[in-house]
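Visitor: Next up is a structure, given as structure tokens.
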Amino acid sequence: VMQGRVHAYEGYPLSEVTFPTRVLGLLGCTALIVTNAAGGINTTYKQGSLVALSDHINLTGSNAALGPNEPRFAATPAFGQRFFDMSEAYSPQLRALAHAEARKQNIPLAEGVYLAVLGPSYETPAEIRAFRTLGADLVGMSTVHEVIIARHMGIEVLGLSLVTNMAAGVLQEKINHEEVMETGRHIEKQLTSLLTALIPQITAASTS
């Protein structure tokens, strides 16, 4: 269990951003849960919503799989290849488990597409309008590179986003980082409860 992550906007190269994912994969991890705070683009979301990721759009300008392809990362002949499939970046099976558990706990869990930018500035209203046109429901500054590397290694991924704020221009309000953090603290118990119940189920599913 990792306590947070480092981000490309902090100046870390992507090889360091994704190094923990590589380590987890080489230690035998077969399923990975990634969480993030995100801005809501989809107007059906509210501040504090939890969203299971169905897909992502990488607009960070780079890809963590750049460089020489390392054969040690190949879990099976189907994974670890130079050109690898991303059609199911986020596991439908793990997402189904998350939805079932959320219903059991009466926790609203939406589903959506996450768009990643480099950051660290928040997006402009014009950018958010463009992202909505591209099909994005959420926007953030993390996650996609870890997911790319996880899929390169054949690791199944469940992605969960917490909508800590509505993105620029969705509401006629400026984005305040302290309010973003406060929303995260407010919804922490729900997310913790969901993950505590999900982890044993995912472990069972990934070893069966």
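Residue numbers start at 1 in each chain; chains themselves are named A, B, ... in the order of the structure tokens; ligands are numbered from 1 in the order shown.
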When DSSP is applied to the backbone of this structure, which of chain A are assigned alpha helix (DSSP H)? Write them out as a ChimeraX atom specification.
Guide: /A:14-17,19-26,92-104,125-134,144-152,177-207
Visitor: Please list as a compact mmCIF listing (two decimals) with all heavy atoms, in the first residue's frame every residue within 7 Å of stretch 128-141 of chain A, counting only C-alpha atoms and excluding residues in the same chain fewer than 5 positions away.
Guide:
```txt
# COMPACT_ATOMS: atom_id res chain seq x y z
N ALA A 37 -7.62 12.65 -7.04
CA ALA A 37 -8.55 13.76 -6.94
C ALA A 37 -8.68 14.36 -8.34
O ALA A 37 -7.68 14.47 -9.06
CB ALA A 37 -8.03 14.81 -5.96
N ALA A 38 -9.88 14.71 -8.74
CA ALA A 38 -10.09 15.19 -10.11
C ALA A 38 -11.10 16.33 -10.14
O ALA A 38 -11.93 16.48 -9.23
CB ALA A 38 -10.58 14.04 -10.99
N GLY A 39 -11.03 17.09 -11.21
CA GLY A 39 -12.03 18.12 -11.47
C GLY A 39 -13.16 17.54 -12.29
O GLY A 39 -12.93 16.77 -13.23
N GLY A 40 -14.37 17.86 -11.94
CA GLY A 40 -15.53 17.33 -12.65
C GLY A 40 -15.86 18.14 -13.90
O GLY A 40 -16.09 19.35 -13.81
N ILE A 41 -15.86 17.50 -15.04
CA ILE A 41 -16.28 18.12 -16.30
C ILE A 41 -17.73 17.78 -16.59
O ILE A 41 -18.51 18.62 -17.03
CB ILE A 41 -15.37 17.65 -17.46
CG1 ILE A 41 -13.92 18.12 -17.22
CG2 ILE A 41 -15.90 18.17 -18.79
CD1 ILE A 41 -12.94 17.60 -18.26
N ASN A 42 -18.09 16.54 -16.34
CA ASN A 42 -19.46 16.07 -16.53
C ASN A 42 -20.38 16.80 -15.54
O ASN A 42 -20.18 16.71 -14.33
CB ASN A 42 -19.51 14.56 -16.30
CG ASN A 42 -20.84 13.95 -16.66
OD1 ASN A 42 -21.89 14.54 -16.44
ND2 ASN A 42 -20.81 12.74 -17.19
N GLY A 112 -16.83 7.13 -15.56
CA GLY A 112 -16.46 8.18 -16.50
C GLY A 112 -15.05 8.04 -17.04
O GLY A 112 -14.27 7.18 -16.63
N VAL A 113 -14.74 8.93 -17.98
CA VAL A 113 -13.45 8.98 -18.66
C VAL A 113 -12.60 10.10 -18.04
O VAL A 113 -13.05 11.24 -17.92
CB VAL A 113 -13.63 9.24 -20.17
CG1 VAL A 113 -12.28 9.41 -20.86
CG2 VAL A 113 -14.41 8.10 -20.81
N TYR A 114 -11.38 9.74 -17.66
CA TYR A 114 -10.44 10.67 -17.01
C TYR A 114 -9.46 11.22 -18.04
O TYR A 114 -8.87 10.45 -18.81
CB TYR A 114 -9.69 9.90 -15.93
CG TYR A 114 -8.63 10.66 -15.17
CD1 TYR A 114 -8.94 11.41 -14.04
CD2 TYR A 114 -7.29 10.59 -15.55
CE1 TYR A 114 -7.96 12.07 -13.32
CE2 TYR A 114 -6.30 11.25 -14.84
CZ TYR A 114 -6.65 11.98 -13.72
OH TYR A 114 -5.66 12.64 -13.00
N LEU A 115 -9.32 12.52 -18.09
CA LEU A 115 -8.34 13.15 -18.98
C LEU A 115 -7.21 13.70 -18.13
O LEU A 115 -7.44 14.43 -17.16
CB LEU A 115 -8.99 14.26 -19.80
CG LEU A 115 -8.11 14.94 -20.85
CD1 LEU A 115 -8.93 15.33 -22.09
CD2 LEU A 115 -7.40 16.17 -20.29
N ALA A 116 -5.97 13.37 -18.49
CA ALA A 116 -4.80 13.81 -17.73
C ALA A 116 -4.05 14.90 -18.46
O ALA A 116 -3.79 14.80 -19.67
CB ALA A 116 -3.87 12.64 -17.46
N VAL A 117 -3.71 15.96 -17.73
CA VAL A 117 -2.84 17.03 -18.22
C VAL A 117 -1.60 17.07 -17.34
O VAL A 117 -1.55 16.45 -16.28
CB VAL A 117 -3.56 18.39 -18.21
CG1 VAL A 117 -4.70 18.41 -19.21
CG2 VAL A 117 -4.07 18.73 -16.81
N LEU A 118 -0.59 17.80 -17.78
CA LEU A 118 0.67 17.83 -17.03
C LEU A 118 0.56 18.62 -15.74
O LEU A 118 1.10 18.23 -14.71
CB LEU A 118 1.78 18.41 -17.92
CG LEU A 118 3.18 18.46 -17.30
CD1 LEU A 118 3.65 17.05 -16.92
CD2 LEU A 118 4.16 19.09 -18.28
N GLY A 119 -0.16 19.77 -15.74
CA GLY A 119 -0.22 20.62 -14.56
C GLY A 119 1.08 21.43 -14.44
O GLY A 119 1.93 21.40 -15.32
N GLU A 123 -6.87 24.04 -15.13
CA GLU A 123 -7.19 24.25 -16.54
C GLU A 123 -8.00 25.53 -16.73
O GLU A 123 -8.64 26.02 -15.81
CB GLU A 123 -7.99 23.05 -17.07
CG GLU A 123 -7.31 21.71 -16.87
CD GLU A 123 -7.31 21.23 -15.42
OE1 GLU A 123 -8.29 21.52 -14.69
OE2 GLU A 123 -6.33 20.61 -15.01
N ALA A 167 -14.65 21.53 -12.59
CA ALA A 167 -13.59 22.13 -13.38
C ALA A 167 -13.92 23.57 -13.77
O ALA A 167 -15.08 24.01 -13.72
CB ALA A 167 -13.34 21.29 -14.63
N ALA A 168 -12.89 24.29 -14.18
CA ALA A 168 -13.02 25.72 -14.51
C ALA A 168 -14.11 25.96 -15.54
O ALA A 168 -14.16 25.29 -16.57
CB ALA A 168 -11.69 26.26 -15.02
```
Visitor: A:Ser87: which residues within 12 Å, counting only C-alpha atoms, same-chain residues fewer than 6 positions away excluded, as a VMD selection string?
Guide: chain A and resid 54 to 57 148 151
Visitor: Could you check which of A:Glu182, A:Glu188, A:Glu70, A:Glu111 is closest to A:Arg82, using only C-alpha atoms?
Guide: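 Under the stated criterion, the closest residue is A:Glu70.
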Visitor: Pull the closest atom pair for each residue of stretch 31-114 of chain A that gets at most 9 Å from stretch 189-193 of chain A, along with the distance in Å to one decimal, counting only C-alpha atoms, ordering rows by chain and then ascending residue number, as CSV.
Guide:
```
residue,atom,partner,partner_atom,distance
A:Leu50,CA,A:Leu191,CA,7.9
A:Gln105,CA,A:Ser193,CA,8.5
A:Ile107,CA,A:Gln190,CA,7.2
```
Visitor: Residues as selected, all heavy atoms, written as a PDB file, in the first residue's frame, can you do that?
Guide:
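The resulting file, selection_0.pdb, is shown below:
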```pdb
ATOM      1  N   LEU A  50     -17.860  10.124  -6.198  1.00  0.00           N
ATOM      2  CA  LEU A  50     -16.876   9.090  -6.502  1.00  0.00           C
ATOM      3  C   LEU A  50     -17.170   8.541  -7.894  1.00  0.00           C
ATOM      4  O   LEU A  50     -18.326   8.306  -8.245  1.00  0.00           O
ATOM      5  CB  LEU A  50     -16.946   7.954  -5.481  1.00  0.00           C
ATOM      6  CG  LEU A  50     -16.284   8.190  -4.127  1.00  0.00           C
ATOM      7  CD1 LEU A  50     -16.562   7.011  -3.195  1.00  0.00           C
ATOM      8  CD2 LEU A  50     -14.786   8.394  -4.278  1.00  0.00           C
ATOM      9  N   GLN A 105     -23.037  -0.813  -0.016  1.00  0.00           N
ATOM     10  CA  GLN A 105     -22.799   0.177   1.038  1.00  0.00           C
ATOM     11  C   GLN A 105     -23.592   1.468   0.842  1.00  0.00           C
ATOM     12  O   GLN A 105     -23.432   2.421   1.604  1.00  0.00           O
ATOM     13  CB  GLN A 105     -21.307   0.509   1.105  1.00  0.00           C
ATOM     14  CG  GLN A 105     -20.421  -0.649   1.493  1.00  0.00           C
ATOM     15  CD  GLN A 105     -19.006  -0.199   1.831  1.00  0.00           C
ATOM     16  OE1 GLN A 105     -18.794   0.906   2.331  1.00  0.00           O
ATOM     17  NE2 GLN A 105     -18.030  -1.057   1.570  1.00  0.00           N
ATOM     18  N   ILE A 107     -23.243   3.668  -1.468  1.00  0.00           N
ATOM     19  CA  ILE A 107     -22.334   4.751  -1.854  1.00  0.00           C
ATOM     20  C   ILE A 107     -22.552   5.030  -3.341  1.00  0.00           C
ATOM     21  O   ILE A 107     -22.342   4.134  -4.169  1.00  0.00           O
ATOM     22  CB  ILE A 107     -20.863   4.370  -1.610  1.00  0.00           C
ATOM     23  CG1 ILE A 107     -20.607   4.135  -0.118  1.00  0.00           C
ATOM     24  CG2 ILE A 107     -19.919   5.442  -2.140  1.00  0.00           C
ATOM     25  CD1 ILE A 107     -19.221   3.586   0.188  1.00  0.00           C
TER      26      ILE A 107
END
```
Visitor: Residues within 10 Å of A:Val147, please, as a list in words. Count only C-alpha atoms; anything in the same chain fewer than 3 positions from it doesn't count.
Guide: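 The residues satisfying every condition are Thr18, Thr21, Leu32, Ile33, Val34, His56, Ala64, Met86, Ala89, Tyr90, Ser142, Thr143, Val144, Ala150, Arg151, His152, Met153, Ile155, Glu156, Val157, Leu158 and Gly159 of chain A.
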